[in-house]
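Data file: run_17.cif. Format and content: mmCIF, C-alpha atoms.
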data_work
loop_
_atom_site.label_atom_id
_atom_site.label_comp_id
_atom_site.auth_asym_id
_atom_site.auth_seq_id
_atom_site.Cartn_x
_atom_site.Cartn_y
_atom_site.Cartn_z
CA MET A 1010 12.47 22.61 -13.44
CA LYS A 1011 13.06 19.38 -15.33
CA TRP A 1012 12.38 19.00 -19.03
CA ASN A 1013 13.42 16.77 -21.90
CA ASP A 1014 15.39 17.75 -24.99
CA PHE A 1015 13.31 18.91 -27.91
CA THR A 1016 13.84 20.23 -31.43
CA VAL A 1017 12.18 23.25 -33.04
CA THR A 1018 12.04 23.39 -36.85
CA VAL A 1019 11.16 26.60 -38.71
CA PRO A 1020 10.77 27.14 -42.48
CA ALA A 1021 12.48 29.89 -44.43
CA SER A 1022 10.31 32.49 -46.11
CA THR A 1023 10.22 34.91 -48.99
CA ALA A 1024 8.32 38.15 -48.65
CA ASN A 1025 6.68 40.93 -50.67
CA LEU A 1026 6.35 38.98 -53.96
CA GLY A 1027 6.55 42.33 -55.70
CA PRO A 1028 3.90 44.88 -54.66
CA GLY A 1029 2.81 42.90 -51.58
CA PHE A 1030 5.32 45.03 -49.69
CA ASP A 1031 5.66 44.16 -45.96
CA SER A 1032 2.42 42.21 -46.33
CA ILE A 1033 2.75 38.95 -48.30
CA GLY A 1034 4.89 36.05 -47.13
CA LEU A 1035 5.48 32.53 -48.45
CA ALA A 1036 7.09 29.75 -46.40
CA LEU A 1037 9.80 27.80 -48.22
CA ASP A 1038 11.09 24.25 -47.87
CA LEU A 1039 14.42 25.34 -46.37
CA HIS A 1040 14.65 25.02 -42.61
CA LEU A 1041 16.23 26.16 -39.37
CA SER A 1042 16.44 23.38 -36.76
CA ILE A 1043 17.21 24.15 -33.12
CA HIS A 1044 18.01 21.29 -30.75
CA VAL A 1045 17.25 22.45 -27.19
CA SER A 1046 18.78 20.77 -24.14
CA PRO A 1047 19.12 21.74 -20.44
CA ALA A 1048 22.19 23.74 -19.40
CA ASN A 1049 23.51 25.95 -16.61
CA GLU A 1050 23.72 28.98 -18.90
CA TRP A 1051 22.60 29.98 -22.37
CA SER A 1052 24.79 28.91 -25.26
CA VAL A 1053 24.19 28.79 -29.02
CA GLN A 1054 26.24 26.62 -31.34
CA TYR A 1055 25.84 26.82 -35.12
CA ASN A 1056 26.89 23.90 -37.29
CA ASN A 1057 27.00 26.11 -40.40
CA GLU A 1058 30.16 28.01 -41.26
CA SER A 1059 28.35 31.12 -42.55
CA TYR A 1060 26.64 31.54 -39.16
CA GLN A 1061 29.77 31.27 -37.00
CA HIS A 1062 30.04 35.04 -36.44
CA LEU A 1063 26.65 35.22 -34.73
CA SER A 1064 26.56 35.53 -30.96
CA PRO A 1065 26.94 32.22 -29.08
CA SER A 1066 25.33 33.50 -25.87
CA SER A 1067 22.31 35.23 -24.39
CA ASP A 1068 22.30 38.16 -26.83
CA ASN A 1069 21.72 35.80 -29.76
CA LEU A 1070 18.45 36.66 -31.55
CA ILE A 1071 16.92 33.26 -30.78
CA VAL A 1072 17.52 33.75 -27.05
CA VAL A 1073 16.43 37.41 -27.17
CA ALA A 1074 13.09 36.35 -28.68
CA ALA A 1075 12.64 33.62 -26.06
CA GLN A 1076 13.41 36.08 -23.25
CA LYS A 1077 10.95 38.60 -24.70
CA VAL A 1078 8.17 36.03 -24.38
CA ALA A 1079 9.22 35.17 -20.82
CA GLY A 1080 9.28 38.87 -19.90
CA LYS A 1081 5.82 39.37 -21.36
CA TYR A 1082 4.50 36.68 -19.02
CA GLY A 1083 6.64 37.75 -16.04
CA ARG A 1084 8.38 34.38 -15.94
CA ASP A 1085 11.99 33.27 -15.55
CA LEU A 1086 13.22 31.22 -18.48
CA PRO A 1087 15.47 28.26 -17.64
CA PRO A 1088 18.78 28.39 -19.57
CA ALA A 1089 19.37 25.97 -22.41
CA ARG A 1090 22.01 24.83 -24.86
CA LEU A 1091 20.93 25.44 -28.45
CA GLN A 1092 22.50 23.47 -31.29
CA VAL A 1093 21.48 25.00 -34.59
CA GLU A 1094 21.51 23.56 -38.08
CA THR A 1095 20.14 25.51 -41.01
CA ASP A 1096 19.98 25.48 -44.79
CA ILE A 1097 18.61 29.04 -44.89
CA PRO A 1098 21.23 31.36 -46.44
CA LEU A 1099 22.07 34.19 -44.05
CA SER A 1100 21.30 37.81 -45.05
CA ARG A 1101 19.96 36.77 -48.44
CA GLY A 1102 16.33 37.86 -48.12
CA LEU A 1103 15.02 34.44 -47.10
CA GLY A 1104 13.75 35.20 -43.61
CA SER A 1105 16.75 34.05 -41.57
CA SER A 1106 15.98 36.58 -38.81
CA ALA A 1107 12.26 35.74 -38.82
CA SER A 1108 13.04 32.04 -38.47
CA ALA A 1109 15.32 32.80 -35.51
CA ILE A 1110 12.65 34.93 -33.83
CA ALA A 1111 9.96 32.31 -34.46
CA GLY A 1112 12.26 29.64 -33.06
CA GLY A 1113 12.88 31.65 -29.91
CA ILE A 1114 9.17 32.26 -29.38
CA GLU A 1115 8.45 28.55 -29.73
CA ILE A 1116 11.27 27.63 -27.34
CA ALA A 1117 9.87 29.92 -24.65
CA ASP A 1118 6.34 28.65 -25.21
CA ARG A 1119 7.52 25.07 -24.69
CA LEU A 1120 9.92 25.69 -21.79
CA LEU A 1121 7.33 27.67 -19.85
CA ASP A 1122 4.37 25.49 -20.91
CA LEU A 1123 2.42 28.57 -22.01
CA ASN A 1124 0.30 27.06 -24.80
CA MET A 1125 0.28 30.42 -26.56
CA PRO A 1126 -2.30 30.98 -29.31
CA MET A 1127 -0.68 31.21 -32.73
CA LYS A 1128 -1.93 34.76 -33.22
CA GLU A 1129 -0.10 35.86 -30.08
CA LYS A 1130 3.11 34.29 -31.40
CA VAL A 1131 2.68 36.20 -34.65
CA GLU A 1132 1.99 39.42 -32.73
CA ILE A 1133 5.20 39.12 -30.71
CA GLY A 1134 7.19 38.21 -33.80
CA THR A 1135 5.69 41.12 -35.75
CA GLU A 1136 6.63 43.52 -32.98
CA MET A 1137 10.23 42.30 -33.14
CA GLU A 1138 10.43 42.19 -36.95
CA GLY A 1139 8.52 45.40 -37.62
CA HIS A 1140 6.21 43.73 -40.15
CA ALA A 1141 4.25 40.49 -40.34
CA ASP A 1142 5.15 39.01 -43.72
CA ASN A 1143 8.10 36.72 -42.97
CA ILE A 1144 7.21 35.92 -39.37
CA SER A 1145 3.62 34.90 -40.16
CA ALA A 1146 4.79 32.60 -42.96
CA ALA A 1147 7.50 31.09 -40.74
CA LEU A 1148 5.01 30.32 -37.98
CA LEU A 1149 1.98 29.30 -40.05
CA GLY A 1150 3.53 27.87 -43.20
CA GLY A 1151 1.97 28.28 -46.64
CA LEU A 1152 1.11 31.76 -47.88
CA THR A 1153 0.13 34.66 -45.63
CA ILE A 1154 -1.34 38.05 -46.49
CA SER A 1155 -1.13 40.38 -43.50
CA TYR A 1156 -2.17 43.77 -42.22
CA ALA A 1157 -0.34 45.03 -39.14
CA ASP A 1158 -0.18 48.31 -37.28
CA ALA A 1159 0.19 49.26 -33.64
CA GLU A 1160 -3.42 48.33 -32.89
CA GLU A 1161 -4.43 45.48 -35.21
CA LEU A 1162 -3.06 42.34 -36.80
CA SER A 1163 -5.13 40.58 -39.47
CA ILE A 1164 -3.91 37.63 -41.50
CA VAL A 1165 -5.38 35.69 -44.41
CA HIS A 1166 -3.74 32.28 -44.47
CA VAL A 1167 -3.56 30.12 -47.61
CA PRO A 1168 -2.30 26.83 -46.16
CA GLU A 1169 -1.40 25.00 -49.37
CA VAL A 1170 0.56 26.43 -52.28
CA GLU A 1171 1.46 24.20 -55.23
CA ILE A 1172 4.21 25.74 -57.36
CA GLY A 1173 7.86 25.19 -58.11
CA VAL A 1174 10.27 27.75 -56.65
CA LEU A 1175 13.72 28.85 -57.72
CA ILE A 1176 15.88 31.14 -55.63
CA LEU A 1177 18.77 32.95 -57.29
CA VAL A 1178 21.33 33.70 -54.58
CA PRO A 1179 24.18 36.14 -55.30
CA PRO A 1180 27.60 35.72 -53.66
CA THR A 1181 27.26 38.86 -51.50
CA GLU A 1182 25.13 39.63 -48.46
CA PHE A 1183 22.76 42.59 -48.36
CA LEU A 1184 21.66 43.82 -44.94
CA THR A 1185 17.97 44.67 -44.54
CA SER A 1186 18.88 48.01 -42.95
CA GLU A 1187 20.94 48.91 -46.03
CA SER A 1188 18.14 47.85 -48.35
CA ARG A 1189 15.56 49.88 -46.41
CA GLY A 1190 17.79 52.91 -46.75
CA LEU A 1191 17.34 52.83 -50.53
CA LEU A 1192 13.60 53.47 -50.32
CA PRO A 1193 12.08 56.95 -50.75
CA GLU A 1194 10.19 58.65 -47.94
CA GLU A 1195 7.26 59.41 -50.27
CA LEU A 1196 5.73 58.18 -53.52
CA PRO A 1197 3.64 60.23 -55.96
CA HIS A 1198 -0.03 59.41 -55.53
CA PRO A 1199 -0.51 57.91 -59.04
CA VAL A 1200 2.47 55.60 -58.47
CA ALA A 1201 1.09 54.44 -55.12
CA VAL A 1202 -2.32 53.83 -56.69
CA ARG A 1203 -0.83 51.69 -59.47
CA SER A 1204 1.14 49.58 -57.02
CA SER A 1205 -1.90 49.28 -54.78
CA MET A 1206 -3.96 47.98 -57.72
CA ALA A 1207 -1.24 45.47 -58.55
CA ALA A 1208 -1.05 44.37 -54.91
CA ASN A 1209 -4.84 43.91 -54.73
CA VAL A 1210 -4.93 41.73 -57.84
CA LEU A 1211 -1.82 39.85 -56.68
CA ALA A 1212 -3.42 39.00 -53.33
CA ALA A 1213 -6.66 37.89 -54.94
CA ALA A 1214 -4.83 35.76 -57.51
CA LEU A 1215 -2.69 34.13 -54.81
CA ALA A 1216 -5.76 33.32 -52.72
CA LYS A 1217 -7.30 31.63 -55.78
CA GLY A 1218 -4.10 29.84 -56.76
CA ASP A 1219 -3.99 31.72 -60.08
CA TRP A 1220 -0.23 31.98 -60.49
CA GLU A 1221 -0.43 33.08 -64.12
CA THR A 1222 -2.05 36.33 -62.99
CA ALA A 1223 0.00 36.51 -59.79
CA GLY A 1224 3.22 36.22 -61.79
CA ARG A 1225 2.31 39.20 -63.95
CA MET A 1226 1.33 41.29 -60.94
CA MET A 1227 4.55 40.39 -59.11
CA GLU A 1228 6.45 42.30 -61.78
CA LYS A 1229 4.39 45.50 -61.55
CA ASP A 1230 5.75 46.70 -58.22
CA GLU A 1231 6.66 50.36 -57.78
CA PHE A 1232 6.87 50.38 -53.98
CA HIS A 1233 10.41 49.07 -53.64
CA GLU A 1234 11.90 47.15 -56.59
CA PRO A 1235 12.72 50.19 -58.77
CA TYR A 1236 14.87 51.54 -55.93
CA ARG A 1237 16.61 48.26 -55.11
CA LYS A 1238 17.13 46.53 -58.43
CA SER A 1239 20.37 48.36 -59.21
CA ARG A 1240 21.99 46.32 -56.44
CA PHE A 1241 21.23 43.09 -58.31
CA PRO A 1242 23.59 42.17 -61.16
CA ASP A 1243 21.63 41.59 -64.39
CA PHE A 1244 18.24 42.18 -62.75
CA ASP A 1245 16.37 43.12 -65.94
CA ALA A 1246 18.11 40.41 -67.97
CA ILE A 1247 17.20 37.79 -65.35
CA ARG A 1248 13.55 38.89 -65.35
CA LEU A 1249 13.42 38.66 -69.13
CA ALA A 1250 15.11 35.25 -69.12
CA CYS A 1251 12.62 33.96 -66.55
CA ARG A 1252 9.70 35.05 -68.73
CA LYS A 1253 11.21 33.47 -71.85
CA SER A 1254 11.87 30.21 -70.01
CA GLY A 1255 8.23 29.91 -68.94
CA ALA A 1256 8.32 31.05 -65.31
CA TYR A 1257 5.19 32.64 -63.84
CA GLY A 1258 7.17 35.65 -62.64
CA SER A 1259 10.06 36.88 -60.54
CA ALA A 1260 10.56 39.28 -57.64
CA ILE A 1261 13.18 40.45 -55.18
CA SER A 1262 12.99 38.10 -52.20
CA GLY A 1263 12.24 40.25 -49.18
CA ALA A 1264 14.79 43.04 -48.96
CA GLY A 1265 17.17 41.03 -51.15
CA PRO A 1266 19.64 40.23 -52.49
CA SER A 1267 18.12 36.90 -53.59
CA LEU A 1268 15.55 36.71 -56.37
CA PHE A 1269 12.40 34.62 -56.09
CA VAL A 1270 11.14 32.87 -59.22
CA ALA A 1271 7.74 31.13 -59.32
CA ALA A 1272 7.30 28.32 -61.83
CA GLU A 1273 4.86 25.60 -62.74
CA LYS A 1274 5.58 22.40 -60.81
CA GLY A 1275 7.74 20.09 -62.91
CA LYS A 1276 9.32 22.90 -64.94
CA GLU A 1277 11.62 24.33 -62.29
CA ARG A 1278 14.63 22.13 -63.17
CA ASP A 1279 14.51 23.04 -66.84
CA ILE A 1280 14.26 26.74 -65.96
CA SER A 1281 17.11 26.33 -63.47
CA GLN A 1282 19.45 24.88 -66.10
CA LYS A 1283 18.77 27.81 -68.41
CA LEU A 1284 19.34 30.39 -65.69
CA LYS A 1285 22.55 28.72 -64.49
CA LYS A 1286 24.04 28.95 -67.97
CA LEU A 1287 23.06 32.59 -68.41
CA PHE A 1288 23.90 33.83 -64.91
CA PRO A 1289 26.64 31.60 -63.44
CA HIS A 1290 27.50 34.17 -60.75
CA TYR A 1291 24.20 33.36 -59.01
CA GLU A 1292 23.62 30.13 -57.10
CA CYS A 1293 20.29 28.65 -58.16
CA LEU A 1294 18.36 26.83 -55.45
CA ILE A 1295 15.38 24.67 -56.38
CA THR A 1296 12.83 24.41 -53.63
CA LYS A 1297 9.07 24.56 -53.04
CA PRO A 1298 6.62 26.16 -50.63
CA SER A 1299 6.47 24.70 -47.15
CA ASN A 1300 2.85 24.06 -46.28
CA ALA A 1301 3.92 23.23 -42.71
CA GLY A 1302 4.88 26.02 -40.35
CA ILE A 1303 6.91 25.85 -37.16
CA LYS A 1304 7.11 22.47 -35.41
CA SER A 1305 8.36 21.39 -32.01
CA VAL A 1306 8.96 17.74 -31.11
CA GLU A 1307 10.57 16.01 -28.16
CA THR A 1308 13.92 14.50 -29.10
CA VAL A 1309 13.99 10.72 -29.04
CA LEU A 1310 17.37 9.42 -27.87
#

Mind turning this structure into structure tokens?
Amino acid sequence: MKWNDFTVTVPASTANLGPGFDSIGLALDLHLSIHVSPANEWSVQYNNESYQHLSPSSDNLIVVAAQKVAGKYGRDLPPARLQVETDIPLSRGLGSSASAIAGGIEIADRLLDLNMPMKEKVEIGTEMEGHADNISAALLGGLTISYADAEELSIVHVPEVEIGVLILVPPTEFLTSESRGLLPEELPHPVAVRSSMAANVLAAALAKGDWETAGRMMEKDEFHEPYRKSRFPDFDAIRLACRKSGAYGSAISGAGPSLFVAAEKGKERDISQKLKKLFPHYECLITKPSNAGIKSVETVL
């Protein structure tokens, strides 16, 4: 089977946005790029130092996702050499695993000429991730609000989101499995009802582009943030500083440990300067939503 080199580009993502737990995802303008070229066996080479410990062979998550697609279709996947560049911080709650899974799905789709519907790509990614928030945003771009269980996947897609975004990145990693372990098995019914109300208003506000309301609702979560915030240095002080500096709101990004801050476009740099002075132990990234999802283009030599 002959094929030409191509490159797959996948956006980062932030998830939950407070009470939208395992449901709401937002693609960000940070990207994973995978250059794919023919080879005799699978190999994965990362150009980023922080990714060097990841597997360079067939048990790499990108390859595992590609092989899962091939297995689903009963096809043999030709081996490839993957050269990876990324500006998505690893294990910082910015969808690095979802971007890898999405990239692998896209690679298999292209190598096998499957022309998979986008919903099927999201379904496979959701099965691998366990929830649809990050993977749907990585594949579709923009904002996604998802429902997923063993029988149904439903997604509301808001393709264009116009806000400024700041990401506060701490110096330490925080594994998703560790973060999940902090959550309780049960919540009192009144607590669940309050968070459900906040999530409903949050989703409606996001769909309308009402970030003033969305920002307030982001900070009313009781599903996961109360149990995780102790792992974030100065969490309450950062939230208060964001409010005082004019941000719409803040939330733990995914399972953490990064913090997502939504701001009015044009004000993010001013807010960033204030936060850097107050919390120098966090790296402050200025970015924006990515309205484009995953892309695959043939490499021009």

* Can you list, as an MDAnalysis selection string, every protein, DNA or RNA residue that comes within 8 Å of segment 1275-1288 of chain A when you count only C-alpha atoms, leaving out same-chain residues fewer than 2 positions away? -> chainID A and resid 1173:1175 1247 1250:1251 1254:1256 1272:1273 1290:1293 1295

Could you take the residues named above and write them with C-alpha atoms, as a PDB file, keeping the file's coordinate frame?
ATOM      1  CA  GLY A1173       7.860  25.190 -58.110  1.00  0.00           C
ATOM      2  CA  VAL A1174      10.270  27.750 -56.650  1.00  0.00           C
ATOM      3  CA  LEU A1175      13.720  28.850 -57.720  1.00  0.00           C
ATOM      4  CA  ILE A1247      17.200  37.790 -65.350  1.00  0.00           C
ATOM      5  CA  ALA A1250      15.110  35.250 -69.120  1.00  0.00           C
ATOM      6  CA  CYS A1251      12.620  33.960 -66.550  1.00  0.00           C
ATOM      7  CA  SER A1254      11.870  30.210 -70.010  1.00  0.00           C
ATOM      8  CA  GLY A1255       8.230  29.910 -68.940  1.00  0.00           C
ATOM      9  CA  ALA A1256       8.320  31.050 -65.310  1.00  0.00           C
ATOM     10  CA  ALA A1272       7.300  28.320 -61.830  1.00  0.00           C
ATOM     11  CA  GLU A1273       4.860  25.600 -62.740  1.00  0.00           C
ATOM     12  CA  HIS A1290      27.500  34.170 -60.750  1.00  0.00           C
ATOM     13  CA  TYR A1291      24.200  33.360 -59.010  1.00  0.00           C
ATOM     14  CA  GLU A1292      23.620  30.130 -57.100  1.00  0.00           C
ATOM     15  CA  CYS A1293      20.290  28.650 -58.160  1.00  0.00           C
ATOM     16  CA  ILE A1295      15.380  24.670 -56.380  1.00  0.00           C
TER      17      ILE A1295
END

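Computed from the coordinates, the atom CA of Lys1077 of chain A to atom CA of Ile1110 of chain A distance equals 10.0 Å.
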
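When you apply the PyMOL selection byres ((chain A and resi 1101) around 8) to this structure, what comes back is Pro1098, Leu1099, Ser1100, Gly1102, Leu1103, Val1178, Glu1182, Phe1183, Gly1265, Pro1266 and Ser1267 of chain A.
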
* Write out as a list in words the residues lying within 10 Å of Leu1211 of chain A, counting all atoms listed in the file and excluding same-chain residues fewer than 5 positions away. => Leu1026, Gly1027, Pro1028, Gly1029, Ile1033, Ser1205, Met1206, Ala1216, Lys1217, Asp1219, Trp1220, Thr1222, Ala1223, Gly1224, Arg1225, Met1226, Met1227 and Lys1229 of chain A

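For the structure shown here, the set of residues caught by the PyMOL selection byres ((chain A and resi 1052-1066) around 10) is Ile1043, His1044, Val1045, Ala1048, Asn1049, Glu1050, Trp1051, Ser1067, Asp1068, Asn1069, Leu1070, Ile1071, Val1072, Val1073, Pro1088, Ala1089, Arg1090, Leu1091, Gln1092, Val1093, Glu1094, Thr1095, Asp1096, Ile1097, Pro1098 and Leu1099 of chain A.
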
Keeping only C-alpha atoms, write those residues as a short mmCIF file (atom, residue, chain, number, x, y, z; two decimals), keeping the file's coordinate frame.
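So out_39.cif came out as:
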data_model
loop_
_atom_site.label_atom_id
_atom_site.label_comp_id
_atom_site.auth_asym_id
_atom_site.auth_seq_id
_atom_site.Cartn_x
_atom_site.Cartn_y
_atom_site.Cartn_z
CA ILE A 1043 17.21 24.15 -33.12
CA HIS A 1044 18.01 21.29 -30.75
CA VAL A 1045 17.25 22.45 -27.19
CA ALA A 1048 22.19 23.74 -19.40
CA ASN A 1049 23.51 25.95 -16.61
CA GLU A 1050 23.72 28.98 -18.90
CA TRP A 1051 22.60 29.98 -22.37
CA SER A 1067 22.31 35.23 -24.39
CA ASP A 1068 22.30 38.16 -26.83
CA ASN A 1069 21.72 35.80 -29.76
CA LEU A 1070 18.45 36.66 -31.55
CA ILE A 1071 16.92 33.26 -30.78
CA VAL A 1072 17.52 33.75 -27.05
CA VAL A 1073 16.43 37.41 -27.17
CA PRO A 1088 18.78 28.39 -19.57
CA ALA A 1089 19.37 25.97 -22.41
CA ARG A 1090 22.01 24.83 -24.86
CA LEU A 1091 20.93 25.44 -28.45
CA GLN A 1092 22.50 23.47 -31.29
CA VAL A 1093 21.48 25.00 -34.59
CA GLU A 1094 21.51 23.56 -38.08
CA THR A 1095 20.14 25.51 -41.01
CA ASP A 1096 19.98 25.48 -44.79
CA ILE A 1097 18.61 29.04 -44.89
CA PRO A 1098 21.23 31.36 -46.44
CA LEU A 1099 22.07 34.19 -44.05
#

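Atom pair atom CA of Ala1208 of chain A / atom CA of Ser1105 of chain A: separated by 24.5 Å.
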
* For the structure shown, which residues end up in the PyMOL selection byres ((chain A and resi 1133-1137) around 12)? Put them as a ChimeraX atom specification, please? => /A:1031-1032,1070-1071,1073-1082,1106-1115,1117-1118,1125-1132,1138-1148,1155-1164

Deliver the residues from the most recent selection as a file, using C-alpha atoms, as a PDB file, in the coordinates of the input.
ATOM      1  CA  ASP A1031       5.660  44.160 -45.960  1.00  0.00           C
ATOM      2  CA  SER A1032       2.420  42.210 -46.330  1.00  0.00           C
ATOM      3  CA  LEU A1070      18.450  36.660 -31.550  1.00  0.00           C
ATOM      4  CA  ILE A1071      16.920  33.260 -30.780  1.00  0.00           C
ATOM      5  CA  VAL A1073      16.430  37.410 -27.170  1.00  0.00           C
ATOM      6  CA  ALA A1074      13.090  36.350 -28.680  1.00  0.00           C
ATOM      7  CA  ALA A1075      12.640  33.620 -26.060  1.00  0.00           C
ATOM      8  CA  GLN A1076      13.410  36.080 -23.250  1.00  0.00           C
ATOM      9  CA  LYS A1077      10.950  38.600 -24.700  1.00  0.00           C
ATOM     10  CA  VAL A1078       8.170  36.030 -24.380  1.00  0.00           C
ATOM     11  CA  ALA A1079       9.220  35.170 -20.820  1.00  0.00           C
ATOM     12  CA  GLY A1080       9.280  38.870 -19.900  1.00  0.00           C
ATOM     13  CA  LYS A1081       5.820  39.370 -21.360  1.00  0.00           C
ATOM     14  CA  TYR A1082       4.500  36.680 -19.020  1.00  0.00           C
ATOM     15  CA  SER A1106      15.980  36.580 -38.810  1.00  0.00           C
ATOM     16  CA  ALA A1107      12.260  35.740 -38.820  1.00  0.00           C
ATOM     17  CA  SER A1108      13.040  32.040 -38.470  1.00  0.00           C
ATOM     18  CA  ALA A1109      15.320  32.800 -35.510  1.00  0.00           C
ATOM     19  CA  ILE A1110      12.650  34.930 -33.830  1.00  0.00           C
ATOM     20  CA  ALA A1111       9.960  32.310 -34.460  1.00  0.00           C
ATOM     21  CA  GLY A1112      12.260  29.640 -33.060  1.00  0.00           C
ATOM     22  CA  GLY A1113      12.880  31.650 -29.910  1.00  0.00           C
ATOM     23  CA  ILE A1114       9.170  32.260 -29.380  1.00  0.00           C
ATOM     24  CA  GLU A1115       8.450  28.550 -29.730  1.00  0.00           C
ATOM     25  CA  ALA A1117       9.870  29.920 -24.650  1.00  0.00           C
ATOM     26  CA  ASP A1118       6.340  28.650 -25.210  1.00  0.00           C
ATOM     27  CA  MET A1125       0.280  30.420 -26.560  1.00  0.00           C
ATOM     28  CA  PRO A1126      -2.300  30.980 -29.310  1.00  0.00           C
ATOM     29  CA  MET A1127      -0.680  31.210 -32.730  1.00  0.00           C
ATOM     30  CA  LYS A1128      -1.930  34.760 -33.220  1.00  0.00           C
ATOM     31  CA  GLU A1129      -0.100  35.860 -30.080  1.00  0.00           C
ATOM     32  CA  LYS A1130       3.110  34.290 -31.400  1.00  0.00           C
ATOM     33  CA  VAL A1131       2.680  36.200 -34.650  1.00  0.00           C
ATOM     34  CA  GLU A1132       1.990  39.420 -32.730  1.00  0.00           C
ATOM     35  CA  GLU A1138      10.430  42.190 -36.950  1.00  0.00           C
ATOM     36  CA  GLY A1139       8.520  45.400 -37.620  1.00  0.00           C
ATOM     37  CA  HIS A1140       6.210  43.730 -40.150  1.00  0.00           C
ATOM     38  CA  ALA A1141       4.250  40.490 -40.340  1.00  0.00           C
ATOM     39  CA  ASP A1142       5.150  39.010 -43.720  1.00  0.00           C
ATOM     40  CA  ASN A1143       8.100  36.720 -42.970  1.00  0.00           C
ATOM     41  CA  ILE A1144       7.210  35.920 -39.370  1.00  0.00           C
ATOM     42  CA  SER A1145       3.620  34.900 -40.160  1.00  0.00           C
ATOM     43  CA  ALA A1146       4.790  32.600 -42.960  1.00  0.00           C
ATOM     44  CA  ALA A1147       7.500  31.090 -40.740  1.00  0.00           C
ATOM     45  CA  LEU A1148       5.010  30.320 -37.980  1.00  0.00           C
ATOM     46  CA  SER A1155      -1.130  40.380 -43.500  1.00  0.00           C
ATOM     47  CA  TYR A1156      -2.170  43.770 -42.220  1.00  0.00           C
ATOM     48  CA  ALA A1157      -0.340  45.030 -39.140  1.00  0.00           C
ATOM     49  CA  ASP A1158      -0.180  48.310 -37.280  1.00  0.00           C
ATOM     50  CA  ALA A1159       0.190  49.260 -33.640  1.00  0.00           C
ATOM     51  CA  GLU A1160      -3.420  48.330 -32.890  1.00  0.00           C
ATOM     52  CA  GLU A1161      -4.430  45.480 -35.210  1.00  0.00           C
ATOM     53  CA  LEU A1162      -3.060  42.340 -36.800  1.00  0.00           C
ATOM     54  CA  SER A1163      -5.130  40.580 -39.470  1.00  0.00           C
ATOM     55  CA  ILE A1164      -3.910  37.630 -41.500  1.00  0.00           C
TER      56      ILE A1164
END

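Remark: for Leu1039 of chain A, the closest of the candidate residues A:Lys1238, A:Lys1297, A:Arg1084, A:His1198 is A:Lys1297 (distances computed over only C-alpha atoms).
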
* d(atom CA of Leu1215 of chain A, atom CA of Ser1022 of chain A) in Å -> 15.7 Å

* To do: Determine, counting only C-alpha atoms, which protein, DNA and RNA residues have an atom within 12 Å of an atom of His1233 of chain A; residues of the same chain fewer than 4 positions away are not included. Present the result as a count of residues only.
  => 31

* **Ref. answer, residues at most 12 Å from (15.6, 15.2, -25.8) with only C-alpha atoms, as a PyMOL selection string** => chain A and resi 1011-1017+1043-1047+1089-1091+1305-1310

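Distances here use all atoms listed in the file; by that measure, the residue among A:Ala1024, A:Ala1214, A:Val1270, A:Ala1207 closest to Gly1104 of chain A is A:Ala1024.
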
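Comparing A:Lys1274, A:Ile1176, A:Asp1122, A:Ser1259 by their smallest distance to Glu1234 of chain A, the closest is A:Ser1259 (using only C-alpha atoms).
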
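With all atoms listed in the file taken into account, every residue lying no more than 8 Å from the file point (-0.4, 25.5, -43.8) is included here: Leu1149, Gly1150, Gly1151, Leu1152, His1166, Val1167, Pro1168, Glu1169, Ser1299, Asn1300, Ala1301 and Gly1302 of chain A.
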
Resulting file, chosen residues, C-alpha atoms, as a tab-separated table (two decimals), in the frame of the given file:
chain	number	residue	atom	x	y	z
A	1149	LEU	CA	1.98	29.30	-40.05
A	1150	GLY	CA	3.53	27.87	-43.20
A	1151	GLY	CA	1.97	28.28	-46.64
A	1152	LEU	CA	1.11	31.76	-47.88
A	1166	HIS	CA	-3.74	32.28	-44.47
A	1167	VAL	CA	-3.56	30.12	-47.61
A	1168	PRO	CA	-2.30	26.83	-46.16
A	1169	GLU	CA	-1.40	25.00	-49.37
A	1299	SER	CA	6.47	24.70	-47.15
A	1300	ASN	CA	2.85	24.06	-46.28
A	1301	ALA	CA	3.92	23.23	-42.71
A	1302	GLY	CA	4.88	26.02	-40.35

Let me have the centre and edge lengths in Å, one decimal, of the box along x, y and z around every listed atom of segment 1142-1156 of chain A with 6 Å of margin on each side, as AutoDock Vina command-line options.
--center_x 3.0 --center_y 35.8 --center_z -42.9 --size_x 22.3 --size_y 27.9 --size_z 21.9

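The shortest atom-to-atom distance to Thr1023 of chain A, with only C-alpha atoms taken into account, belongs to A:Ala1036 out of A:Val1170, A:Ala1036, A:Ala1213, A:Leu1121.
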